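**Student:** Data file my_file05.pdb (PDB, C-alpha atoms) is appended below.
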ATOM      1  CA  MET A   1       0.000   0.000   0.000
ATOM      2  CA  THR A   2       1.350   3.388  -0.906
ATOM      3  CA  ARG A   3       1.768   6.113   1.626
ATOM      4  CA  ALA A   4      -1.054   8.156   0.027
ATOM      5  CA  MET A   5      -3.424   5.170   0.199
ATOM      6  CA  SER A   6      -2.601   4.462   3.849
ATOM      7  CA  THR A   7      -3.103   8.139   4.725
ATOM      8  CA  ALA A   8      -6.462   8.129   2.912
ATOM      9  CA  ALA A   9      -7.505   4.938   4.732
ATOM     10  CA  LEU A  10      -6.494   6.452   8.086
ATOM     11  CA  LEU A  11      -8.448   9.642   7.386
ATOM     12  CA  ALA A  12     -11.516   7.634   6.356
ATOM     13  CA  ALA A  13     -11.339   5.569   9.552
ATOM     14  CA  CYS A  14     -10.946   8.679  11.710
ATOM     15  CA  SER A  15     -13.877  10.435  10.075
ATOM     16  CA  ALA A  16     -16.286   7.498  10.467
ATOM     17  CA  PRO A  17     -19.274   8.433  12.600
ATOM     18  CA  ALA A  18     -19.258   7.267  16.182
ATOM     19  CA  PRO A  19     -21.547   4.322  16.877
ATOM     20  CA  VAL A  20     -25.027   5.322  17.956
ATOM     21  CA  VAL A  21     -25.592   4.616  21.644
ATOM     22  CA  ASP A  22     -29.152   3.747  22.621
ATOM     23  CA  GLN A  23     -30.338   6.332  25.127
ATOM     24  CA  SER A  24     -34.051   5.745  24.689
ATOM     25  CA  ARG A  25     -34.743   5.892  28.438
ATOM     26  CA  SER A  26     -32.529   8.865  29.236
ATOM     27  CA  GLY A  27     -33.341  10.875  26.116
ATOM     28  CA  GLY A  28     -29.707  11.972  26.226
ATOM     29  CA  LEU A  29     -30.324  13.921  29.448
ATOM     30  CA  PRO A  30     -27.577  14.163  32.068
ATOM     31  CA  VAL A  31     -27.840  12.390  35.402
ATOM     32  CA  ALA A  32     -29.241  14.719  38.065
ATOM     33  CA  GLU A  33     -26.774  15.556  40.810
ATOM     34  CA  LEU A  34     -28.945  14.720  43.820
ATOM     35  CA  PRO A  35     -28.046  13.689  47.343
ATOM     36  CA  VAL A  36     -29.356  10.274  48.392
ATOM     37  CA  GLU A  37     -32.249  11.796  50.387
ATOM     38  CA  ARG A  38     -33.537  13.602  47.260
ATOM     39  CA  GLN A  39     -33.198  10.402  45.209
ATOM     40  CA  VAL A  40     -35.292   8.593  47.813
ATOM     41  CA  ALA A  41     -37.944  11.329  47.532
ATOM     42  CA  ALA A  42     -38.029  10.877  43.740
ATOM     43  CA  TYR A  43     -38.361   7.083  44.087
ATOM     44  CA  GLU A  44     -41.114   7.578  46.653
ATOM     45  CA  ALA A  45     -43.115   9.807  44.266
ATOM     46  CA  ALA A  46     -42.767   7.296  41.427
ATOM     47  CA  VAL A  47     -43.704   4.317  43.624
ATOM     48  CA  ARG A  48     -46.755   6.122  45.061
ATOM     49  CA  THR A  49     -47.902   6.900  41.528
ATOM     50  CA  ALA A  50     -47.379   3.318  40.299
ATOM     51  CA  PHE A  51     -48.896   1.522  43.312
ATOM     52  CA  ASP A  52     -51.585   1.789  45.930
ATOM     53  CA  VAL A  53     -49.053   1.947  48.756
ATOM     54  CA  GLY A  54     -50.119   0.294  51.981
ATOM     55  CA  PRO A  55     -48.977  -2.290  54.532
ATOM     56  CA  ASP A  56     -49.781  -5.199  52.203
ATOM     57  CA  LEU A  57     -47.532  -3.952  49.406
ATOM     58  CA  TYR A  58     -44.212  -5.780  49.454
ATOM     59  CA  LEU A  59     -41.546  -4.089  47.302
ATOM     60  CA  LEU A  60     -37.938  -5.081  46.788
ATOM     61  CA  ALA A  61     -35.408  -3.061  44.789
ATOM     62  CA  HIS A  62     -33.546  -4.792  41.977
ATOM     63  CA  VAL A  63     -29.795  -4.872  42.598
ATOM     64  CA  ARG A  64     -29.205  -3.188  39.215
ATOM     65  CA  ARG A  65     -30.538   0.010  37.694
ATOM     66  CA  LEU A  66     -32.349  -0.026  34.361
ATOM     67  CA  PRO A  67     -29.918   0.796  31.549
ATOM     68  CA  ARG A  68     -30.212   4.092  29.644
ATOM     69  CA  GLY A  69     -31.245   2.222  26.504
ATOM     70  CA  ALA A  70     -33.948  -0.311  25.700
ATOM     71  CA  GLY A  71     -34.068  -3.737  27.282
ATOM     72  CA  THR A  72     -33.074  -4.951  30.696
ATOM     73  CA  ASP A  73     -29.607  -6.378  30.074
ATOM     74  CA  GLY A  74     -26.856  -4.574  31.926
ATOM     75  CA  GLY A  75     -27.341  -1.507  34.042
ATOM     76  CA  ASP A  76     -25.184  -0.175  36.824
ATOM     77  CA  SER A  77     -25.425  -1.571  40.335
ATOM     78  CA  LEU A  78     -27.873   0.121  42.668
ATOM     79  CA  PRO A  79     -25.669   2.107  45.046
ATOM     80  CA  ALA A  80     -25.676   0.484  48.492
ATOM     81  CA  ALA A  81     -26.332   3.844  50.189
ATOM     82  CA  LEU A  82     -29.434   4.396  48.043
ATOM     83  CA  GLY A  83     -30.744   0.873  48.660
ATOM     84  CA  GLU A  84     -30.261   1.264  52.408
ATOM     85  CA  ALA A  85     -31.905   4.722  52.429
ATOM     86  CA  LEU A  86     -34.902   3.363  50.465
ATOM     87  CA  ARG A  87     -35.237   0.551  53.019
ATOM     88  CA  ARG A  88     -34.966   2.954  55.991
ATOM     89  CA  ALA A  89     -37.634   5.202  54.428
ATOM     90  CA  GLY A  90     -39.966   2.197  54.094
ATOM     91  CA  THR A  91     -40.124   2.464  50.311
ATOM     92  CA  ILE A  92     -38.707  -1.054  49.914
ATOM     93  CA  ARG A  93     -38.265  -4.069  52.194
ATOM     94  CA  GLY A  94     -34.892  -5.106  50.780
ATOM     95  CA  THR A  95     -33.126  -5.915  47.524
ATOM     96  CA  CYS A  96     -33.278  -8.810  45.091
ATOM     97  CA  ASP A  97     -31.492 -10.172  42.056
ATOM     98  CA  PRO A  98     -34.461 -12.080  40.606
ATOM     99  CA  ALA A  99     -33.777 -15.718  39.703
ATOM    100  CA  ARG A 100     -35.401 -16.817  36.459
ATOM    101  CA  ASP A 101     -36.284 -20.453  35.878
ATOM    102  CA  GLY A 102     -36.806 -20.026  32.157
ATOM    103  CA  ASP A 103     -40.240 -21.644  32.327
ATOM    104  CA  GLN A 104     -42.252 -18.487  31.587
ATOM    105  CA  ARG A 105     -43.081 -17.984  35.266
ATOM    106  CA  ALA A 106     -42.431 -14.900  37.351
ATOM    107  CA  PRO A 107     -38.890 -14.719  38.723
ATOM    108  CA  ARG A 108     -38.152 -15.673  42.321
ATOM    109  CA  CYS A 109     -36.653 -13.564  45.082
ATOM    110  CA  ASP A 110     -35.287 -14.694  48.443
ATOM    111  CA  ALA A 111     -38.207 -13.242  50.395
ATOM    112  CA  THR A 112     -40.883 -14.562  52.729
ATOM    113  CA  ARG A 113     -43.726 -13.402  50.496
ATOM    114  CA  SER A 114     -44.355 -12.433  46.903
ATOM    115  CA  GLY A 115     -44.561  -8.848  45.721
ATOM    116  CA  TYR A 116     -42.915  -6.599  43.172
ATOM    117  CA  VAL A 117     -39.275  -5.975  42.450
ATOM    118  CA  ILE A 118     -38.749  -2.403  41.242
ATOM    119  CA  ARG A 119     -35.911  -1.354  38.986
ATOM    120  CA  ALA A 120     -35.346   2.295  38.108
ATOM    121  CA  THR A 121     -33.088   4.202  35.805
ATOM    122  CA  GLU A 122     -30.796   6.821  37.177
ATOM    123  CA  ILE A 123     -32.653  10.070  37.774
ATOM    124  CA  PHE A 124     -32.117  12.455  34.866
ATOM    125  CA  GLN A 125     -32.128  16.249  34.883
ATOM    126  CA  GLY A 126     -34.755  17.652  32.532
ATOM    127  CA  GLY A 127     -35.294  21.335  31.847
ATOM    128  CA  GLY A 128     -35.267  23.624  34.886
ATOM    129  CA  ASP A 129     -36.072  21.732  38.066
ATOM    130  CA  THR A 130     -37.825  18.853  36.263
ATOM    131  CA  LEU A 131     -36.521  15.328  36.773
ATOM    132  CA  ARG A 132     -37.135  12.241  34.660
ATOM    133  CA  MET A 133     -36.917   8.571  35.549
ATOM    134  CA  ASN A 134     -38.291   5.206  34.470
ATOM    135  CA  LEU A 135     -39.499   2.541  36.853
ATOM    136  CA  LEU A 136     -39.931  -1.104  35.872
ATOM    137  CA  SER A 137     -42.098  -3.106  38.269
ATOM    138  CA  GLU A 138     -42.140  -6.887  38.006
ATOM    139  CA  LEU A 139     -44.132  -9.394  40.007
ATOM    140  CA  TYR A 140     -41.937 -11.959  41.750
ATOM    141  CA  ALA A 141     -42.632 -15.183  43.631
ATOM    142  CA  ALA A 142     -41.257 -15.874  47.094
ATOM    143  CA  ALA A 143     -38.372 -18.336  47.150
ATOM    144  CA  ASN A 144     -40.396 -21.109  48.828
ATOM    145  CA  GLY A 145     -43.850 -19.990  47.732
ATOM    146  CA  PRO A 146     -46.060 -21.026  44.842
ATOM    147  CA  GLY A 147     -45.136 -19.867  41.366
ATOM    148  CA  GLN A 148     -46.658 -16.722  39.911
ATOM    149  CA  GLU A 149     -47.826 -15.807  36.451
ATOM    150  CA  PRO A 150     -45.429 -13.216  35.008
ATOM    151  CA  PHE A 151     -46.517  -9.579  35.079
ATOM    152  CA  ALA A 152     -44.435  -6.453  34.581
ATOM    153  CA  PHE A 153     -44.953  -2.841  33.586
ATOM    154  CA  GLU A 154     -42.614   0.080  32.971
ATOM    155  CA  MET A 155     -43.571   3.710  33.463
ATOM    156  CA  ALA A 156     -41.750   6.931  32.598
ATOM    157  CA  TYR A 157     -42.183   9.847  34.997
ATOM    158  CA  LYS A 158     -41.564  13.592  35.019
ATOM    159  CA  LEU A 159     -41.238  14.969  38.524
ATOM    160  CA  VAL A 160     -41.007  18.462  40.002
ATOM    161  CA  PRO A 161     -40.092  19.459  43.557
ATOM    162  CA  ARG A 162     -42.780  20.382  46.083
ATOM    163  CA  GLU A 163     -42.407  22.998  48.792
ATOM    164  CA  ASP A 164     -42.280  20.300  51.481
ATOM    165  CA  GLY A 165     -39.128  18.724  49.987
ATOM    166  CA  ARG A 166     -40.896  15.846  48.296
ATOM    167  CA  PHE A 167     -41.588  15.426  44.575
ATOM    168  CA  ARG A 168     -44.805  15.463  42.584
ATOM    169  CA  VAL A 169     -45.295  13.456  39.404
ATOM    170  CA  VAL A 170     -46.542  15.871  36.731
ATOM    171  CA  ALA A 171     -46.527  13.481  33.769
ATOM    172  CA  GLU A 172     -46.391   9.731  33.364
ATOM    173  CA  GLY A 173     -46.574   7.321  30.505
ATOM    174  CA  ARG A 174     -46.511   3.591  29.986
ATOM    175  CA  VAL A 175     -43.413   2.354  28.199
ATOM    176  CA  ARG A 176     -44.307  -0.242  25.616
ATOM    177  CA  GLU A 177     -41.888  -3.069  24.995
ATOM    178  CA  LYS A 178     -40.398  -2.828  21.511
ATOM    179  CA  ARG A 179     -40.991  -5.948  19.457
TER
END
Just give me the structure as structure tokens.
**Tutor:**
Amino acid sequence: MTRAMSTAALLAACSAPAPVVDQSRSGGLPVAELPVERQVAAYEAAVRTAFDVGPDLYLLAHVRRLPRGAGTDGGDSLPAALGEALRRAGTIRGTCDPARDGDQRAPRCDATRSGYVIRATEIFQGGGDTLRMNLLSELYAAANGPGQEPFAFEMAYKLVPREDGRFRVVAEGRVREKR
């Protein structure tokens, strides 16, 4: 290969567009810089919008966050401080890495009773003081309990701060699985 050809090949390689990274959940927004207590308040607003919260609701947090893009593979680990703060606040009862049997049943968690395992994206900074996050809720079966039919739903939320330090959901939408 001549020097001119190798230079042309190098220039062509350097000018190739960067691969497109799926950011369908984040919309390309930056992660909000929030202390753990504010993250807990955002989770609380999303959970209260998704569920009729009461003493019979049993929620566990997934050990991984939802990835920025489509699907559920990957995702960063849920920070231990956030998981512990969510548990202390009573938002969740613990954490779970759901075990899947592959038999089209709901996954299992090491818990005394069935409930939902919630898995959220990072919290993203929208315009102004608006935050955005997605929350995937999936029914799970208790480790030693009867199996469950699978059921899951994912919601996208826009949140704004309230005067009392909590958040209010101002918009929500169901996220449809891409097929």
**Student:** Could the residues of range 5-89 of chain A that have an atom at most 9 Å from range 111-120 of chain A be listed as a tab-separated table, each with its closest atom pair and the distance in Å to one decimal, counting all atoms listed in the file and ordered by chain and ascending residue number?
**Tutor:**
residue	atom	partner	partner_atom	distance
A:Tyr43	CA	A:Ala120	CA	8.2
A:Val47	CA	A:Ile118	CA	8.7
A:Leu57	CA	A:Gly115	CA	6.8
A:Tyr58	CA	A:Gly115	CA	4.8
A:Leu59	CA	A:Tyr116	CA	5.0
A:Leu60	CA	A:Val117	CA	4.6
A:Ala61	CA	A:Ile118	CA	4.9
A:His62	CA	A:Arg119	CA	5.1
A:Val63	CA	A:Arg119	CA	7.9
A:Arg64	CA	A:Arg119	CA	7.0
A:Arg65	CA	A:Ala120	CA	5.3
A:Leu66	CA	A:Ala120	CA	5.3
A:Pro67	CA	A:Ala120	CA	8.6
A:Leu78	CA	A:Arg119	CA	9.0
**Student:** Starting from the PyMOL selection byres ((chain A and resi 166) around 12), expand the selection into actual residues of this file and give them as a list in words.
**Tutor:**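 What the PyMOL selection byres ((chain A and resi 166) around 12) grabs from the file is Glu37, Arg38, Gln39, Val40, Ala41, Ala42, Tyr43, Glu44, Ala45, Ala46, Arg48, Leu159, Val160, Pro161, Arg162, Glu163, Asp164, Gly165, Phe167, Arg168 and Val169 of chain A.
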**Student:** Return as AutoDock Vina command-line options the box centre and box size in Å, one decimal, for an axis-aligned box around all listed atoms of range 23-31 of chain A padded by 5 Å per side.
**Tutor:**
--center_x -31.2 --center_y 10.0 --center_z 30.0 --size_x 17.2 --size_y 18.4 --size_z 20.7
**Student:** Which residue out of A:Phe124, A:Lys158, A:Tyr140, A:Ala80 has the minimum interatomic distance to Asp97 in chain A when all atoms listed in the file are used?
**Tutor:**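 Residue with the minimum atom-to-atom distance to Asp97 in chain A: A:Tyr140.
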**Student:** I'd like the neighbourhood of Glu149 in chain A as a PDB file with C-alpha atoms, in the frame of the given file, where a residue qualifies if any of its atoms comes within 10 Å (using all atoms listed in the file), though same-chain residues fewer than 4 positions away should be ignored.
**Tutor:**
ATOM      1  CA  GLN A 104     -42.252 -18.487  31.587  1.00  0.00           C
ATOM      2  CA  ARG A 105     -43.081 -17.984  35.266  1.00  0.00           C
ATOM      3  CA  ALA A 106     -42.431 -14.900  37.351  1.00  0.00           C
ATOM      4  CA  PRO A 107     -38.890 -14.719  38.723  1.00  0.00           C
ATOM      5  CA  LEU A 139     -44.132  -9.394  40.007  1.00  0.00           C
ATOM      6  CA  TYR A 140     -41.937 -11.959  41.750  1.00  0.00           C
ATOM      7  CA  ALA A 141     -42.632 -15.183  43.631  1.00  0.00           C
TER       8      ALA A 141
END
**Student:** Please return, as a PyMOL selection string, all polymer residues that have at least one atom within 8 Å of the point (-33.9, -13.9, 39.0); use only C-alpha atoms and the file's own coordinate frame.
**Tutor:** chain A and resi 96-101+107-109
**Student:** Kindly resolve the PyMOL selection byres ((chain A and resi 154) around 8) on the present coordinates and return the residues as a PyMOL selection string.
**Tutor:** chain A and resi 134-137+152-153+155-156+174-176
**Student:** Would you write out, as a list in words, every residue that the PyMOL selection byres ((chain A and resi 129) around 10) captures in this file?
**Tutor:** Ala32, Gln125, Gly126, Gly127, Gly128, Thr130, Leu131, Leu159, Val160 and Pro161 of chain A
**Student:** Could you state the separation of CA of Glu84 in chain A and CA of Glu33 in chain A in Å, given to one decimal place?
**Tutor:**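 Atom-to-atom, CA of Glu84 in chain A to CA of Glu33 in chain A, that is 18.7 Å.
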**Student:** Between CA of Glu172 in chain A and CA of Phe51 in chain A, what is the distance, to one decimal in Å?
**Tutor:**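 Answer for the CA of Glu172 in chain A to CA of Phe51 in chain A separation: 13.1 Å.
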**Student:** Just give me the gap between CA of Tyr157 in chain A and CA of Gly27 in chain A in Å, one decimal is fine.
**Tutor:**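 CA of Gly27 in chain A lies at a distance of 12.6 Å from CA of Tyr157 in chain A.
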**Student:** Nearest to Gly74 in chain A: which of A:Ser24, A:Thr49, A:Thr121, A:Thr91 is it, counting only C-alpha atoms?
**Tutor:**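 Closest residue, counting only C-alpha atoms: A:Thr121.
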**Student:** Which of these, A:Gly83, A:Gly173, A:Pro146, A:Gly54, has the shortest distance to Arg132 in chain A once you count only C-alpha atoms?
**Tutor:** A:Gly173
